[in-house]
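Student: Let me give you the structure first, and then I'll get to my questions.
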Number of protein chains: 2
Amino acid sequence: MPETCATGDALGRVLAEPVLAPRTLPPFDVSAMDGYALRAADLARAGNDAPVALPVAFEVAAGARPDRPLEPGAVARIFTGAPLPPGADAVVRQEDVVREGDRARFTIPASPGEHVREAGEDVRAGETVLEPGARLGPGPLGMLASLGRTVVAVHRRPRDANLYGGDELIEPDGDPAGGRIDASNSYSIAAQCREAGAEPTYLGIARDTPADLERVLRAGLWADVLVSSAGVSVGDRDYVRPVLEQLGCELVFWGVEIKPGFPLVFGRFAERGPLVFGLPGNPVSAMVTFEEFVRPALRRLAGHRALYRPRIEAVLGETLRKGAGRLHLVRVRLERKDGRVVARSTGSQSSGVLRSMALAHGLLVFPAAATTLAEGTPVQVRVLDEEFLAAEDAGL
Amino acid sequence: MPETCATGDALGRVLAEPVLAPRTLPPFDVSAMDGYALRAADLARAGNDAPVALPVAFEVAAGARPDRPLEPGAVARIFTGAPLPPGADAVVRQEDVVREGDRARFTIPASPGEHVREAGEDVRAGETVLEPGARLGPGPLGMLASLGRTVVAVHRRPRDANLYGGDELIEPDGDPAGGRIDASNSYSIAAQCREAGAEPTYLGIARDTPADLERVLRAGLWADVLVSSAGVSVGDRDYVRPVLEQLGCELVFWGVEIKPGFPLVFGRFAERGPLVFGLPGNPVSAMVTFEEFVRPALRRLAGHRALYRPRIEAVLGETLRKGAGRLHLVRVRLERKDGRVVARSTGSQSSGVLRSMALAHGLLVFPAAATTLAEGTPVQVRVLDEEFLAAEDAGL
């Protein structure tokens with residue numbers, strides 16, 4: 001779904017149109033240096049022993065209009081970025097010229113095109129300069145600006161609405177007296193949405209009744225993607241699935257053989273309505289299933305082609321064990337050592353230990369059937385903290 | 001320079017304080033399941049052949065206060081996230097229990113701690129949970145929220161002020177009649193600043209007079225970093241260096257042996273004042289020197305430790321040649337092919353060809369002394385378009 005966006009606000013957006021050059025760049029032959037514009041043929045015999053002195057007929061300022069022609073045997077004072085006068089085909093740098101009153105003395109020859117940026121060197125009118133799907137980083141944005149394109153068609157950012165369920169929850173700025181627990185998911189999920197290129201809206205905490213859950217879910221039906229956490233398991237208070245069905249949502253799957261995150265539910269509406277992800281309520285399970293399922297969906301909606309986190313090759317710094325059966329997504333910390341990247345578990349992988357996620361640089365896939373991954377094994381880690389990829393030196 | 005920031009707005013910022021847990025998490029033993037809280041010892045002999053039926057003394061709702069003790073031989077109905085009543089040490093999942101009126105029948109034993117998240121399993125009050133220098137991604141933000149920290153100390157974003165010089169320039173929304181050229185640098189440099197974590201302010205175009213340049217430079221002296229482009233070479237209109245000196249700026253270096261970007265100037269003020277980078281005016285030279293010199297400075301000011309772009313291993317898809325002398329920063333396009341990354345020049349490397357930068361995935365360092373890099377040579381490429389690092393599959 002494309003929308004228009006001011007080029008100055010489009011950093012990181014995905015282009016939704018082919019960009020054709022409306023004009024030729026540079027629009028005419030331009031001097032690349034401060035110096036003298038001339039006909040190269042006039043300096044054919046110039047040398048240290050055969051200086052050629054030519055009259056300076058006029059001056060071309062940057063920003064001037066290139067209308068006055070240069071007669072054969074004459075030169076024009078010219079500045080970087082200024083258009084070459086008709087007739088001139090080369091520029092000699094001022095460092096190589098001796099100015100003598102209204103004449104300039106040359107002791108080196110020039111070749112046609114020297115220190116000239118030819119019209120169309122960068123782009124020609126009508127050429128496609130950017131393809132749909134391109135990420136608008138500084139380079140493409142500069143290109144658009146140089147073509148006078150101050151508005152551009154981009155993929156709309158998907159709108160995400162999220163909620164969190166549970167009577168035990170209070171907002172993090174609330175009073176924890178009485179044994180209630182801070183609803184951290186609204187913060188982590190909003191951040192995950194933003195990292196995925198989506199615009200999050202927080203719907204609040206739903207209390208543990210079908211009526212309140214329905215009230216909050218309904219409030220998010222305008223979104224492109226609706227993300228709830230908690231209430232998807234088999235407990236007495238796990239109302240997410242029945243309430244979604246009541247709202248007309250088709251449940252596509254429930255339960256995935258991964259740990260953490262087993263009870264994830266995914267649904268969609270036949271007609272109009274958001275994609276719905278019912279994540280587990282546990283903060284770690286919610287974040288991991290968001291990474292695995294919601295993030296790729298949001299990136300697809302945002303127009304990206306590559307939907308997944310960068311992967312990095314690492315070696316295991318310790319032996320990992322688990323039971324056979326489910327695929328585990330192990331939160332790992334990465335460290336660069338002797339030219340390698342070493343991955344180690346962030347400690348207790350209990351899904352209650354939010355710190356395991358707070359300290360994680362990445363997720364390691366521990367396959368379902370495996371029970372041991374020995375220290376020293378080469379592994380691929382999905383990098384969650386992309387800052388880890390930044391280099392510590394310039395690599396010169 | 002630290003400042004405080006709402007946790008909800010802190011995505012991507014760099015932590016400027018050690019975060020100590022103000023409370024223990026979970027604050028008390030909590031049920032990890034919907035089920036029954038009990039003393040494990042009471043089920044020591046339970047089995048399929050020896051069911052144990054115990055009275056359900058009371059119910060503990062999520063969000064309730066854990067004050068009523070559980071007598072030996074009794075159980076309490078409990079829900080995920082609810083505090084264990086004093087005396088209880090295990091939870092049996094409701095799927096494993098048969099409820100019979102006011103009694104519950106158990107056919108499996110329980111071990112102490114089973115389905116219980118112990119007080120302090122995540123963090124203990126006083127523990128350091130995040131170190132200064134951590135990037136605040138979704139995980140750390142969730143951790144802060146779970147500790148009730150709605151405000152956090154972060155490194156201040158460096159403030160950048162930028163300007164562009166040249167009589168040939170007009171703003172991209174202006175009228176190009178009369179042969180004037182769009183000032184694209186304001187767009188590309190602002191985007192580069194934002195990518196580096198800085199807040200850009202655009203000061204406008206300075207005309208080619210010392211007075212106008214001084215006026216615009218003065219307007220940016222409040223910034224942390226002042227970035228100009230154009231006017232740093234040896235031409236008659238290259239006033240940046242003399243005007244900076246007149247303003248009291250100490251010029252630290254001028255001229256770097258790289259291409260593009262040779263005439264770069266760097267200065268600073270003895271007392272108060274911004275770091276000053278005078279970039280070349282050519283859009284490609286300006287962007288490349290920003291990458292090489294300004295970006296690492298901005299990232300250092302923003303609190304980052306690793307200051308440089310991620311590097312990726314690639315093989316050259318074509319032979320590159322140049323003269324010996326200067327180090328070249330070659331704009332390359334990257335392509336994944338047969339498990340390798342292939343790097344190819346974006347075409348004309350003339351510094352006038354902005355398209356070479358608009359299409360570039362990265363910069364390849366072509367060392368000063370080298371004159372040929374043969375097709376097939378393994379090279380390291382600094383990745384400018386970090387989107388290129390995203391994976392196309394989940395890697396399962």
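FYI, nothing fancy with the structure tokens labels: chains A, B, ... in order, residues from 1 per chain, ligands from 1 as they appear.
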Which residues, written as a list in words, have at least one atom at most 9 Å from Pro280 (chain B), with only C-alpha atoms counted and residues fewer than 6 positions away on the same chain left out?
Tutor: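 Result of the neighbour search: Ser228, Ser229, Ala230, Gly231, Val232, Ser233, Pro260, Gly261, Phe262, Pro263, Leu264, Val265, Ala286 and Thr289 of chain B.
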Student: Find the residues near Ala196 (chain A): any atom within 6 Å, counting only C-alpha atoms, skip ones fewer than 3 places away on the same chain, and give them as a ChimeraX atom specification.
Tutor: /A:193,295,299
Student: Do a neighbour search on Arg13 (chain B) at 12 Å with only C-alpha atoms, toss out local chain neighbours closer than 5 positions, and write the hits as a count of residues only.
Tutor: 33
Student: Would you mind listing what lies within 6 Å of region 92-100 of chain B as a list in words, with only C-alpha atoms counted and same-chain residues fewer than 6 positions away left out?
Tutor: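 These residues fall inside the cut-off: Asp34, Gly35, Tyr36 and Phe106 of chain B.
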Student: Set the distance at 8 Å and use only C-alpha atoms: which residues neighbour Gly325 (chain A) once local chain neighbours fewer than 6 positions away are removed? I'd like the list as a list in words.
Tutor: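 Near neighbours after the sequence-gap exclusion: Glu257, Ala368 and Ala369 of chain A.
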Student: Produce a file of the selected residues containing N, CA and C atoms, as a tab-separated table (two decimals), in the first residue's frame.
Tutor:
chain	number	residue	atom	x	y	z
A	257	GLU	N	5.73	-25.72	17.71
A	257	GLU	CA	6.64	-26.59	18.46
A	257	GLU	C	7.98	-25.91	18.72
A	368	ALA	N	15.02	-29.15	16.89
A	368	ALA	CA	14.09	-29.95	17.69
A	368	ALA	C	14.68	-31.30	18.09
A	369	ALA	N	15.27	-32.00	17.15
A	369	ALA	CA	15.71	-33.36	17.42
A	369	ALA	C	16.99	-33.41	18.26
Student: Near Thr346 (chain B), within 9 Å and counting only C-alpha atoms, which residues show up once chain neighbours fewer than 4 positions away are dropped, as a PyMOL selection string?
Tutor: chain B and resi 330-333+355-357+359-360
Student: Could you save those same residues with N, CA and C atoms as a tab-separated table (two decimals), in the first residue's frame?
Tutor:
chain	number	residue	atom	x	y	z
B	330	VAL	N	35.74	2.88	-3.17
B	330	VAL	CA	34.97	2.52	-4.36
B	330	VAL	C	33.55	2.16	-3.94
B	331	ARG	N	32.57	2.83	-4.56
B	331	ARG	CA	31.17	2.52	-4.29
B	331	ARG	C	30.83	1.23	-5.01
B	332	VAL	N	30.37	0.25	-4.23
B	332	VAL	CA	30.08	-1.05	-4.84
B	332	VAL	C	28.66	-1.49	-4.55
B	333	ARG	N	28.17	-2.32	-5.45
B	333	ARG	CA	26.90	-2.98	-5.30
B	333	ARG	C	27.21	-4.41	-4.90
B	355	ARG	N	24.68	8.99	-8.79
B	355	ARG	CA	24.06	7.68	-8.90
B	355	ARG	C	24.96	6.58	-8.36
B	356	SER	N	26.26	6.77	-8.45
B	356	SER	CA	27.19	5.75	-7.93
B	356	SER	C	26.98	5.56	-6.44
B	357	MET	N	26.58	6.63	-5.75
B	357	MET	CA	26.34	6.56	-4.31
B	357	MET	C	24.91	6.09	-4.04
B	359	LEU	N	23.16	4.00	-5.64
B	359	LEU	CA	23.00	2.55	-5.86
B	359	LEU	C	23.92	1.72	-4.99
B	360	ALA	N	24.81	2.38	-4.24
B	360	ALA	CA	25.85	1.63	-3.53
B	360	ALA	C	25.30	0.89	-2.32
Student: Write out as a count of residues only the set of residues from region 125-347 of chain B that DSSP, computed on the backbone, places in strand (DSSP E).
Tutor: 75
Student: Within 6 Å of Ala161 (chain A), counting only C-alpha atoms, which residues show up once you throw out same-chain ones fewer than 3 positions away? Write them as a ChimeraX atom specification, please.
Tutor: /A:200-202,220,223,226
Student: Would you save the residues from that selection as an mmCIF file, in the first residue's frame, using C-alpha atoms?
Tutor:
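Output file part22.cif is given in full below:
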data_model
loop_
_atom_site.group_PDB
_atom_site.id
_atom_site.type_symbol
_atom_site.label_atom_id
_atom_site.label_comp_id
_atom_site.auth_asym_id
_atom_site.auth_seq_id
_atom_site.Cartn_x
_atom_site.Cartn_y
_atom_site.Cartn_z
ATOM 1 C CA PRO A 200 2.683 0.843 17.218
ATOM 2 C CA THR A 201 -0.398 1.914 19.157
ATOM 3 C CA TYR A 202 -0.835 0.644 22.693
ATOM 4 C CA GLY A 220 -7.635 -2.514 17.662
ATOM 5 C CA ALA A 223 -4.946 -1.868 12.612
ATOM 6 C CA LEU A 226 -3.174 -6.760 16.034
#
Student: Report, in Å to a single decimal, how far apart CA of Arg237 (chain A) and CA of Pro72 (chain B) are.
Tutor: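 These two atoms are separated by 27.4 Å.
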Student: Could you tell me which of A:Pro310, A:Pro283, A:Gly278, A:Gly101 comes closest to Leu363 (chain A) if we count only C-alpha atoms?
Tutor: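 Closest residue, counting only C-alpha atoms: A:Pro310.
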Student: Enumerate as number ranges by chain all residues of region 195-315 of chain A assigned to alpha helix (DSSP H) by DSSP on the backbone, naming them with the chain letters and numbers the document uses.
Tutor: A: 195, 210-218, 240-246, 283-289, 295-301
Student: For Asn185 (chain B), which residue out of B:Asp160, B:Asp238, B:Glu131, B:Glu171 is the nearest one, using only C-alpha atoms?
Tutor: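 Closest candidate: B:Glu171.
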